[in-house]
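Participant: To be precise about what I am sending: the file is called query_26.pdb and holds PDB, C-alpha atoms.
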```
ATOM      1  CA  MET A  23      54.456 122.633 -37.242  1.00  0.00           C
ATOM      2  CA  PRO A  24      54.668 118.840 -37.670  1.00  0.00           C
ATOM      3  CA  LYS A  25      53.439 117.503 -40.998  1.00  0.00           C
ATOM      4  CA  ILE A  26      51.386 114.300 -40.951  1.00  0.00           C
ATOM      5  CA  THR A  27      50.532 112.434 -44.152  1.00  0.00           C
ATOM      6  CA  TYR A  28      47.254 110.524 -44.358  1.00  0.00           C
ATOM      7  CA  VAL A  29      47.067 107.872 -47.097  1.00  0.00           C
ATOM      8  CA  ALA A  30      43.602 106.783 -48.221  1.00  0.00           C
ATOM      9  CA  VAL A  31      42.781 103.261 -49.341  1.00  0.00           C
ATOM     10  CA  ASP A  32      42.973 104.467 -52.972  1.00  0.00           C
ATOM     11  CA  THR A  33      46.543 105.720 -52.183  1.00  0.00           C
ATOM     12  CA  THR A  34      45.557 109.397 -52.331  1.00  0.00           C
ATOM     13  CA  GLU A  35      47.787 111.312 -49.914  1.00  0.00           C
ATOM     14  CA  ARG A  36      47.057 114.443 -47.894  1.00  0.00           C
ATOM     15  CA  THR A  37      49.780 116.092 -45.879  1.00  0.00           C
ATOM     16  CA  ILE A  38      48.512 118.347 -43.115  1.00  0.00           C
ATOM     17  CA  ASP A  39      50.183 120.621 -40.591  1.00  0.00           C
ATOM     18  CA  VAL A  40      48.996 119.306 -37.224  1.00  0.00           C
ATOM     19  CA  PRO A  41      49.702 121.657 -34.300  1.00  0.00           C
ATOM     20  CA  VAL A  42      51.868 120.289 -31.497  1.00  0.00           C
ATOM     21  CA  GLY A  43      49.693 118.697 -28.821  1.00  0.00           C
ATOM     22  CA  THR A  44      46.827 117.969 -31.223  1.00  0.00           C
ATOM     23  CA  SER A  45      46.079 114.311 -31.889  1.00  0.00           C
ATOM     24  CA  VAL A  46      46.593 112.832 -35.336  1.00  0.00           C
ATOM     25  CA  MET A  47      42.860 112.003 -35.175  1.00  0.00           C
ATOM     26  CA  ARG A  48      41.866 115.639 -34.557  1.00  0.00           C
ATOM     27  CA  GLY A  49      44.183 116.768 -37.337  1.00  0.00           C
ATOM     28  CA  ALA A  50      42.217 114.514 -39.684  1.00  0.00           C
ATOM     29  CA  VAL A  51      38.788 115.555 -38.384  1.00  0.00           C
ATOM     30  CA  PHE A  52      39.580 119.299 -38.444  1.00  0.00           C
ATOM     31  CA  ASN A  53      40.760 118.953 -42.053  1.00  0.00           C
ATOM     32  CA  ASP A  54      37.950 116.717 -43.344  1.00  0.00           C
ATOM     33  CA  VAL A  55      40.117 113.666 -43.996  1.00  0.00           C
ATOM     34  CA  ASP A  56      37.769 110.864 -45.049  1.00  0.00           C
ATOM     35  CA  GLY A  57      38.320 107.599 -43.225  1.00  0.00           C
ATOM     36  CA  ILE A  58      38.639 108.798 -39.634  1.00  0.00           C
ATOM     37  CA  VAL A  59      35.238 108.537 -37.938  1.00  0.00           C
ATOM     38  CA  ALA A  60      36.328 109.414 -34.377  1.00  0.00           C
ATOM     39  CA  GLN A  61      32.961 108.432 -32.978  1.00  0.00           C
ATOM     40  CA  CYS A  62      34.007 108.848 -29.323  1.00  0.00           C
ATOM     41  CA  GLY A  63      35.816 112.128 -29.924  1.00  0.00           C
ATOM     42  CA  GLY A  64      39.211 110.818 -28.909  1.00  0.00           C
ATOM     43  CA  ASN A  65      38.295 109.245 -25.589  1.00  0.00           C
ATOM     44  CA  LEU A  66      39.767 105.808 -26.342  1.00  0.00           C
ATOM     45  CA  GLN A  67      36.368 104.113 -26.354  1.00  0.00           C
ATOM     46  CA  CYS A  68      35.491 103.200 -29.932  1.00  0.00           C
ATOM     47  CA  ALA A  69      38.508 102.351 -32.146  1.00  0.00           C
ATOM     48  CA  THR A  70      37.010 104.317 -35.083  1.00  0.00           C
ATOM     49  CA  CYS A  71      40.219 106.286 -35.570  1.00  0.00           C
ATOM     50  CA  HIS A  72      42.289 103.198 -36.374  1.00  0.00           C
ATOM     51  CA  VAL A  73      45.289 103.767 -38.659  1.00  0.00           C
ATOM     52  CA  TYR A  74      48.262 101.788 -39.879  1.00  0.00           C
ATOM     53  CA  VAL A  75      51.545 103.594 -39.266  1.00  0.00           C
ATOM     54  CA  ASP A  76      53.719 103.388 -42.365  1.00  0.00           C
ATOM     55  CA  GLU A  77      56.653 101.024 -41.909  1.00  0.00           C
ATOM     56  CA  SER A  78      59.088 103.841 -42.788  1.00  0.00           C
ATOM     57  CA  THR A  79      57.868 105.948 -39.834  1.00  0.00           C
ATOM     58  CA  LEU A  80      57.233 103.274 -37.189  1.00  0.00           C
ATOM     59  CA  ASP A  81      59.999 104.695 -35.006  1.00  0.00           C
ATOM     60  CA  LYS A  82      58.298 108.097 -34.662  1.00  0.00           C
ATOM     61  CA  PRO A  83      55.367 107.473 -32.267  1.00  0.00           C
ATOM     62  CA  GLU A  84      55.728 106.840 -28.566  1.00  0.00           C
ATOM     63  CA  PRO A  85      55.307 103.158 -27.614  1.00  0.00           C
ATOM     64  CA  ILE A  86      51.755 101.900 -27.401  1.00  0.00           C
ATOM     65  CA  ARG A  87      50.143 101.935 -23.954  1.00  0.00           C
ATOM     66  CA  SER A  88      48.180  98.990 -22.574  1.00  0.00           C
ATOM     67  CA  ASP A  89      44.760 100.703 -22.817  1.00  0.00           C
ATOM     68  CA  GLU A  90      45.292 101.528 -26.509  1.00  0.00           C
ATOM     69  CA  ASP A  91      46.630  98.028 -27.100  1.00  0.00           C
ATOM     70  CA  ALA A  92      43.448  96.528 -25.621  1.00  0.00           C
ATOM     71  CA  MET A  93      41.138  98.809 -27.654  1.00  0.00           C
ATOM     72  CA  LEU A  94      42.877  97.811 -30.897  1.00  0.00           C
ATOM     73  CA  ASP A  95      41.249  94.389 -30.510  1.00  0.00           C
ATOM     74  CA  PHE A  96      37.944  96.050 -31.494  1.00  0.00           C
ATOM     75  CA  THR A  97      38.866  97.623 -34.842  1.00  0.00           C
ATOM     76  CA  ALA A  98      36.582  97.029 -37.850  1.00  0.00           C
ATOM     77  CA  CYS A  99      39.523  96.141 -40.103  1.00  0.00           C
ATOM     78  CA  PRO A 100      42.187  93.635 -39.145  1.00  0.00           C
ATOM     79  CA  ARG A 101      44.684  94.673 -36.539  1.00  0.00           C
ATOM     80  CA  ARG A 102      48.289  94.608 -37.722  1.00  0.00           C
ATOM     81  CA  PRO A 103      51.594  95.052 -35.895  1.00  0.00           C
ATOM     82  CA  ASN A 104      51.633  98.692 -37.068  1.00  0.00           C
ATOM     83  CA  SER A 105      48.030  99.454 -35.987  1.00  0.00           C
ATOM     84  CA  ARG A 106      47.469 102.475 -33.779  1.00  0.00           C
ATOM     85  CA  LEU A 107      44.561 104.614 -32.672  1.00  0.00           C
ATOM     86  CA  SER A 108      45.151 108.070 -34.090  1.00  0.00           C
ATOM     87  CA  CYS A 109      43.501 109.679 -31.051  1.00  0.00           C
ATOM     88  CA  GLN A 110      46.445 108.428 -28.990  1.00  0.00           C
ATOM     89  CA  LEU A 111      49.113 109.835 -31.302  1.00  0.00           C
ATOM     90  CA  LYS A 112      49.793 113.393 -30.140  1.00  0.00           C
ATOM     91  CA  SER A 113      51.491 115.669 -32.633  1.00  0.00           C
ATOM     92  CA  SER A 114      55.023 116.648 -31.692  1.00  0.00           C
ATOM     93  CA  GLU A 115      58.219 117.575 -33.476  1.00  0.00           C
ATOM     94  CA  ALA A 116      59.162 113.877 -33.172  1.00  0.00           C
ATOM     95  CA  LEU A 117      56.088 112.989 -35.280  1.00  0.00           C
ATOM     96  CA  ASP A 118      57.001 115.382 -38.098  1.00  0.00           C
ATOM     97  CA  GLY A 119      56.869 113.310 -41.279  1.00  0.00           C
ATOM     98  CA  LEU A 120      54.621 110.604 -39.822  1.00  0.00           C
ATOM     99  CA  ILE A 121      52.686 108.664 -42.467  1.00  0.00           C
ATOM    100  CA  VAL A 122      49.481 106.848 -41.579  1.00  0.00           C
ATOM    101  CA  HIS A 123      47.390 104.631 -43.832  1.00  0.00           C
ATOM    102  CA  LEU A 124      43.638 104.579 -43.392  1.00  0.00           C
ATOM    103  CA  PRO A 125      41.816 101.230 -43.230  1.00  0.00           C
ATOM    104  CA  GLU A 126      38.987 100.307 -45.589  1.00  0.00           C
ATOM    105  CA  ARG A 127      36.371 101.033 -42.935  1.00  0.00           C
ATOM    106  CA  GLN A 128      36.083 102.102 -39.311  1.00  0.00           C
ATOM    107  CA  LYS A 129      32.715 100.617 -38.304  1.00  0.00           C
TER
END
```
How does the structure come out when it is put into structure tokens?
Facilitator:
Amino acid sequence: MPKITYVAVDTTERTIDVPVGTSVMRGAVFNDVDGIVAQCGGNLQCATCHVYVDESTLDKPEPIRSDEDAMLDFTACPRRPNSRLSCQLKSSEALDGLIVHLPERQK
């Protein structure tokens, strides 16, 4: 099962086994990771599952799609080149070892 590491603002890390096909957002919600609000439940409508993909694992996710790219303009914390919506990152063997940093706030 792919392991995803979530890094809190205070640098606390939690590595979680996220089943293949499950979003990185749902992996966080199902495991009570603070910092992922997921207000819309993963429907690409709220940007409250914003994460920063660690520079060392930027090559792991699929390229960003235009609808996700547009929604990233509405994040509570500044958008960066490595910003992604965790609801759009589906767990796969290719994502094993992915590291995501949580922003200071989601709303």
Participant: Name the residues captured by the PyMOL selection byres ((chain A and resi 56-70) around 6) when it is applied to the shown file; answer as a PyMOL selection string.
Facilitator: chain A and resi 55+71-72+97+109+128
Participant: Find the residues around Gly119 in chain A up to 9 Å (only C-alpha atoms counted), leave out those fewer than 5 positions away in its own chain, and share them as a list in words.
Facilitator: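 The filter keeps Pro24, Lys25, Ile26, Thr27, Thr37, Thr79 and Lys82 of chain A.
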Participant: Could you pull the residues within 9 Å of Val122 in chain A, counting all atoms listed in the file, minus those fewer than 5 positions along the same chain, as a PDB file with C-alpha atoms, keeping the file's coordinate frame?
Facilitator:
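Generated file (out17.pdb):
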```
ATOM      1  CA  ILE A  26      51.386 114.300 -40.951  1.00  0.00           C
ATOM      2  CA  THR A  27      50.532 112.434 -44.152  1.00  0.00           C
ATOM      3  CA  TYR A  28      47.254 110.524 -44.358  1.00  0.00           C
ATOM      4  CA  VAL A  29      47.067 107.872 -47.097  1.00  0.00           C
ATOM      5  CA  ALA A  30      43.602 106.783 -48.221  1.00  0.00           C
ATOM      6  CA  VAL A  73      45.289 103.767 -38.659  1.00  0.00           C
ATOM      7  CA  TYR A  74      48.262 101.788 -39.879  1.00  0.00           C
ATOM      8  CA  VAL A  75      51.545 103.594 -39.266  1.00  0.00           C
ATOM      9  CA  ASP A  76      53.719 103.388 -42.365  1.00  0.00           C
ATOM     10  CA  THR A  79      57.868 105.948 -39.834  1.00  0.00           C
ATOM     11  CA  SER A 108      45.151 108.070 -34.090  1.00  0.00           C
TER      12      SER A 108
END
```
Participant: From the options A:Ala50, A:Val40, A:Ala116, A:Ile121, which residue's atoms come nearest to Glu84 in chain A, counting only C-alpha atoms?
Facilitator: A:Ala116
Participant: Of the candidates A:Ala98, A:Met23, A:Arg106, A:Glu90, which one gets nearest to Thr44 in chain A if we count only C-alpha atoms?
Facilitator: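 Answer, going by the shortest atom-to-atom distance: A:Met23.
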Participant: Name the residues captured by the PyMOL selection byres ((chain A and resi 113) around 7) when it is applied to the shown file; answer as JSON, numbers by chain.
Facilitator: {"A": [24, 40, 41, 42, 43, 44, 45, 46, 111, 112, 114, 117]}
Participant: Report, as lines of an AutoDock Vina configuration file, the axis-aligned box around all atoms of range 24-43 of chain A present in the file, extended by 8 Å on each side; give centre and edge lengths in Å to one decimal place.
Facilitator:
```
center_x = 48.7
center_y = 112.5
center_z = -40.9
size_x = 27.9
size_y = 34.4
size_z = 40.2
```
Participant: For the atom pair CA of Leu94 in chain A and CA of Leu124 in chain A, what is the interatomic distance in Å to one decimal place?
Facilitator: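 Atom-to-atom, CA of Leu94 in chain A and CA of Leu124 in chain A are spaced 14.2 Å apart.
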